[in-house]
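J.: Below is one structure. I have some questions about it.
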Amino acid sequence: MLFTVMLAGAPTLIGLMVYLCSRFTRQARRRATPARMWRDVSLAGFAASIALYLWGLLHVLFLEDQEQAEECERQRPDGAPVLVGRRGDFIPLRLVCELSDGRDYSVVIPDYINPSLTMLLLFTLLSAVVFGFLHHKQRTPTRKKG
């Protein structure tokens with residue numbers, strides 16, 4: 001599953017970046033409207049989210065099973081029972097070490113990844129809402145009184 005997400009995410013990110021860079025051409029700037037600007041801001045936020053998510057996945061990708069087990073053991077809380085397994089969660093992004101008493105804890109993924117993803121996705125959503133509002137306002141004809 002990890003490779004599938006990486007194989008889908010990387011080309012998506014590249015495609016978004018190529019599109020966003022094309023928005024800097026002279027022709028694109030001449031046709032710029034507030035709605036298009038907010039669309040591009042929303043897409044830039046989405047691209048940043050994908051890049052950050054892929055960065056978090058790379059932390060797991062480059063660790064072999066043995067290294068994951070060593071990291072779980074190294075960060076095991078004092079007095080915690082025996083480790084019984086590991087699992088990866090994609091939302092939120094984390095590598096979870098499971099203890100024999102049913103508790104678990106997360107390792108490997110940097111602490112800033114998930115909160116940053118949340119903020120970027122909220123920003124992306126708000127930008128998309130502003131784009132939708134401006135686009136609708138631009139497309140809806142104004143009625144004349146009289």
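By order in the structure tokens, chains are A, B, ...; within a chain, residues start at 1; ligands start at 1, following the order shown.
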Where in chain A does DSSP assign alpha helix (DSSP H), given as a ChimeraX atom specification?
T.: /A:2-22,26-30,34-61,65-74,113-139
J.: Need to verify the contact set: Arg94 in chain A, 12 Å, only C-alpha atoms, exclusion of same-chain residues closer than 2 positions in sequence. Can you return it as a list in words?
T.: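 Within the cut-off, the hits are Leu2, Tyr53, Gly56, Leu57, Leu58, His59, Val60, Leu61, Gln68, Arg86, Arg87, Gly88, Asp89, Phe90, Ile91, Pro92, Val96, Cys97, Asp104, Tyr105, Ser106, Val107, Val108, Ile109, Pro110, Asp111, Tyr112, Ile113 and Asn114 of chain A.
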J.: Let me see the file: selected residues, N, CA, C and O atoms, as an mmCIF file, in the first residue's frame.
T.:
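Once everything was written out, this is part_18.cif:
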```cif
data_model
loop_
_atom_site.group_PDB
_atom_site.id
_atom_site.type_symbol
_atom_site.label_atom_id
_atom_site.label_comp_id
_atom_site.auth_asym_id
_atom_site.auth_seq_id
_atom_site.Cartn_x
_atom_site.Cartn_y
_atom_site.Cartn_z
ATOM 1 N N LEU A 2 1.985 1.200 0.723
ATOM 2 C CA LEU A 2 2.881 2.347 0.818
ATOM 3 C C LEU A 2 3.407 2.743 -0.562
ATOM 4 O O LEU A 2 3.399 3.914 -0.926
ATOM 5 N N TYR A 53 2.874 15.045 2.965
ATOM 6 C CA TYR A 53 2.455 13.662 3.211
ATOM 7 C C TYR A 53 3.493 12.685 2.657
ATOM 8 O O TYR A 53 3.864 11.716 3.324
ATOM 9 N N GLY A 56 6.458 12.492 4.911
ATOM 10 C CA GLY A 56 6.206 11.603 6.042
ATOM 11 C C GLY A 56 6.299 10.137 5.645
ATOM 12 O O GLY A 56 6.839 9.315 6.388
ATOM 13 N N LEU A 57 5.781 9.791 4.469
ATOM 14 C CA LEU A 57 5.861 8.407 3.998
ATOM 15 C C LEU A 57 7.306 7.976 3.766
ATOM 16 O O LEU A 57 7.654 6.811 3.983
ATOM 17 N N LEU A 58 8.136 8.895 3.320
ATOM 18 C CA LEU A 58 9.541 8.545 3.091
ATOM 19 C C LEU A 58 10.233 8.120 4.381
ATOM 20 O O LEU A 58 11.147 7.291 4.346
ATOM 21 N N HIS A 59 9.815 8.670 5.501
ATOM 22 C CA HIS A 59 10.403 8.262 6.782
ATOM 23 C C HIS A 59 10.167 6.780 7.050
ATOM 24 O O HIS A 59 11.015 6.105 7.621
ATOM 25 N N VAL A 60 9.010 6.287 6.642
ATOM 26 C CA VAL A 60 8.693 4.866 6.838
ATOM 27 C C VAL A 60 9.323 4.022 5.739
ATOM 28 O O VAL A 60 9.830 2.935 5.985
ATOM 29 N N LEU A 61 9.317 4.533 4.520
ATOM 30 C CA LEU A 61 9.795 3.772 3.371
ATOM 31 C C LEU A 61 11.248 3.341 3.508
ATOM 32 O O LEU A 61 11.610 2.226 3.134
ATOM 33 N N GLN A 68 12.557 -0.723 11.939
ATOM 34 C CA GLN A 68 11.295 -0.304 12.553
ATOM 35 C C GLN A 68 11.158 -0.928 13.946
ATOM 36 O O GLN A 68 10.762 -0.256 14.901
ATOM 37 N N ARG A 86 3.580 -4.161 14.979
ATOM 38 C CA ARG A 86 3.629 -2.819 14.404
ATOM 39 C C ARG A 86 2.578 -2.738 13.311
ATOM 40 O O ARG A 86 2.242 -3.732 12.684
ATOM 41 N N ARG A 87 2.083 -1.526 13.096
ATOM 42 C CA ARG A 87 1.171 -1.303 11.981
ATOM 43 C C ARG A 87 1.347 0.135 11.497
ATOM 44 O O ARG A 87 1.756 1.009 12.253
ATOM 45 N N GLY A 88 1.033 0.339 10.265
ATOM 46 C CA GLY A 88 1.079 1.683 9.713
ATOM 47 C C GLY A 88 -0.326 2.212 9.521
ATOM 48 O O GLY A 88 -1.208 1.499 9.064
ATOM 49 N N ASP A 89 -0.550 3.444 9.916
ATOM 50 C CA ASP A 89 -1.826 4.110 9.683
ATOM 51 C C ASP A 89 -1.574 5.233 8.686
ATOM 52 O O ASP A 89 -0.600 5.973 8.802
ATOM 53 N N PHE A 90 -2.470 5.348 7.717
ATOM 54 C CA PHE A 90 -2.297 6.374 6.697
ATOM 55 C C PHE A 90 -3.004 7.676 7.054
ATOM 56 O O PHE A 90 -2.646 8.724 6.564
ATOM 57 N N ILE A 91 -4.059 7.613 7.873
ATOM 58 C CA ILE A 91 -4.750 8.822 8.328
ATOM 59 C C ILE A 91 -5.070 8.628 9.797
ATOM 60 O O ILE A 91 -5.933 7.822 10.120
ATOM 61 N N PRO A 92 -4.443 9.296 10.710
ATOM 62 C CA PRO A 92 -3.278 10.146 10.520
ATOM 63 C C PRO A 92 -2.063 9.290 10.173
ATOM 64 O O PRO A 92 -2.008 8.109 10.508
ATOM 65 N N VAL A 96 2.785 2.713 14.155
ATOM 66 C CA VAL A 96 2.326 2.424 15.509
ATOM 67 C C VAL A 96 2.983 1.152 16.029
ATOM 68 O O VAL A 96 2.973 0.123 15.356
ATOM 69 N N CYS A 97 3.536 1.242 17.235
ATOM 70 C CA CYS A 97 4.083 0.082 17.928
ATOM 71 C C CYS A 97 3.037 -0.373 18.945
ATOM 72 O O CYS A 97 2.563 0.426 19.754
ATOM 73 N N ASP A 104 -0.636 1.483 22.612
ATOM 74 C CA ASP A 104 0.280 1.661 21.486
ATOM 75 C C ASP A 104 0.883 3.052 21.533
ATOM 76 O O ASP A 104 0.451 3.911 22.292
ATOM 77 N N TYR A 105 1.909 3.254 20.733
ATOM 78 C CA TYR A 105 2.557 4.557 20.614
ATOM 79 C C TYR A 105 3.145 4.675 19.218
ATOM 80 O O TYR A 105 3.387 3.691 18.536
ATOM 81 N N SER A 106 3.324 5.925 18.799
ATOM 82 C CA SER A 106 3.758 6.213 17.443
ATOM 83 C C SER A 106 5.253 6.535 17.409
ATOM 84 O O SER A 106 5.772 7.181 18.316
ATOM 85 N N VAL A 107 5.925 6.089 16.350
ATOM 86 C CA VAL A 107 7.350 6.365 16.161
ATOM 87 C C VAL A 107 7.609 6.764 14.709
ATOM 88 O O VAL A 107 6.735 6.645 13.867
ATOM 89 N N VAL A 108 8.803 7.214 14.439
ATOM 90 C CA VAL A 108 9.381 7.489 13.120
ATOM 91 C C VAL A 108 8.842 8.764 12.461
ATOM 92 O O VAL A 108 9.609 9.604 12.033
ATOM 93 N N ILE A 109 7.539 8.932 12.350
ATOM 94 C CA ILE A 109 6.978 10.096 11.671
ATOM 95 C C ILE A 109 7.206 11.330 12.539
ATOM 96 O O ILE A 109 6.833 11.344 13.708
ATOM 97 N N PRO A 110 7.812 12.377 11.990
ATOM 98 C CA PRO A 110 8.038 13.595 12.784
ATOM 99 C C PRO A 110 6.733 14.176 13.326
ATOM 100 O O PRO A 110 5.686 14.101 12.687
ATOM 101 N N ASP A 111 6.805 14.757 14.506
ATOM 102 C CA ASP A 111 5.621 15.270 15.190
ATOM 103 C C ASP A 111 4.927 16.400 14.435
ATOM 104 O O ASP A 111 3.741 16.634 14.633
ATOM 105 N N TYR A 112 5.633 17.108 13.582
ATOM 106 C CA TYR A 112 5.030 18.248 12.888
ATOM 107 C C TYR A 112 4.203 17.851 11.670
ATOM 108 O O TYR A 112 3.423 18.663 11.163
ATOM 109 N N ILE A 113 4.319 16.636 11.187
ATOM 110 C CA ILE A 113 3.676 16.240 9.933
ATOM 111 C C ILE A 113 2.146 16.332 10.010
ATOM 112 O O ILE A 113 1.516 17.027 9.216
ATOM 113 N N ASN A 114 1.522 15.628 10.937
ATOM 114 C CA ASN A 114 0.058 15.583 10.981
ATOM 115 C C ASN A 114 -0.590 16.929 11.307
ATOM 116 O O ASN A 114 -1.564 17.309 10.636
#
```
J.: Kindly indicate which residue among A:Leu83, A:Phe133, A:Glu67, A:Val18 lies nearest to Arg103 in chain A, using only C-alpha atoms for the distances.
T.: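 Going through A:Leu83, A:Phe133, A:Glu67, A:Val18 one by one, the smallest distance to Arg103 in chain A is for A:Leu83.
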J.: Running DSSP on the backbone, which parts of range 99-130 of chain A land in strand (DSSP E or B), as a PyMOL selection string?
T.: chain A and resi 99+104-107
J.: Identify, on the basis of only C-alpha atoms, every residue whose closest approach to Thr124 in chain A does not exceed 9 Å; exclude the query and any residue fewer than 6 positions from it along the same chain; express the result as a PDB file with N, CA, C and O atoms, in the first residue's frame.
T.:
```pdb
ATOM      1  N   VAL A  41      -4.282  29.275  -5.625  1.00  0.00           N
ATOM      2  CA  VAL A  41      -3.863  29.233  -4.218  1.00  0.00           C
ATOM      3  C   VAL A  41      -4.326  27.921  -3.583  1.00  0.00           C
ATOM      4  O   VAL A  41      -3.578  27.267  -2.858  1.00  0.00           O
ATOM      5  N   SER A  42      -5.548  27.522  -3.890  1.00  0.00           N
ATOM      6  CA  SER A  42      -6.072  26.261  -3.363  1.00  0.00           C
ATOM      7  C   SER A  42      -5.253  25.073  -3.879  1.00  0.00           C
ATOM      8  O   SER A  42      -4.906  24.158  -3.119  1.00  0.00           O
ATOM      9  N   LEU A  43      -4.933  25.079  -5.161  1.00  0.00           N
ATOM     10  CA  LEU A  43      -4.123  23.998  -5.731  1.00  0.00           C
ATOM     11  C   LEU A  43      -2.709  23.989  -5.147  1.00  0.00           C
ATOM     12  O   LEU A  43      -2.123  22.919  -4.937  1.00  0.00           O
ATOM     13  N   ALA A  44      -2.158  25.170  -4.868  1.00  0.00           N
ATOM     14  CA  ALA A  44      -0.827  25.237  -4.253  1.00  0.00           C
ATOM     15  C   ALA A  44      -0.867  24.654  -2.843  1.00  0.00           C
ATOM     16  O   ALA A  44       0.055  23.936  -2.427  1.00  0.00           O
ATOM     17  N   GLY A  45      -1.929  24.936  -2.100  1.00  0.00           N
ATOM     18  CA  GLY A  45      -2.082  24.338  -0.772  1.00  0.00           C
ATOM     19  C   GLY A  45      -2.202  22.826  -0.844  1.00  0.00           C
ATOM     20  O   GLY A  45      -1.636  22.101  -0.024  1.00  0.00           O
ATOM     21  N   PHE A  46      -2.940  22.348  -1.845  1.00  0.00           N
ATOM     22  CA  PHE A  46      -3.084  20.901  -2.024  1.00  0.00           C
ATOM     23  C   PHE A  46      -1.748  20.265  -2.402  1.00  0.00           C
ATOM     24  O   PHE A  46      -1.389  19.196  -1.887  1.00  0.00           O
ATOM     25  N   SER A  49       0.341  19.998   0.615  1.00  0.00           N
ATOM     26  CA  SER A  49      -0.145  18.894   1.452  1.00  0.00           C
ATOM     27  C   SER A  49       0.374  17.551   0.947  1.00  0.00           C
ATOM     28  O   SER A  49       0.811  16.710   1.734  1.00  0.00           O
TER      29      SER A  49
END
```
J.: Which value, in Å to one decimal, gives the distance between CA of Phe24 in chain A and CA of Met37 in chain A?
T.: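 A separation of 11.1 Å between them.
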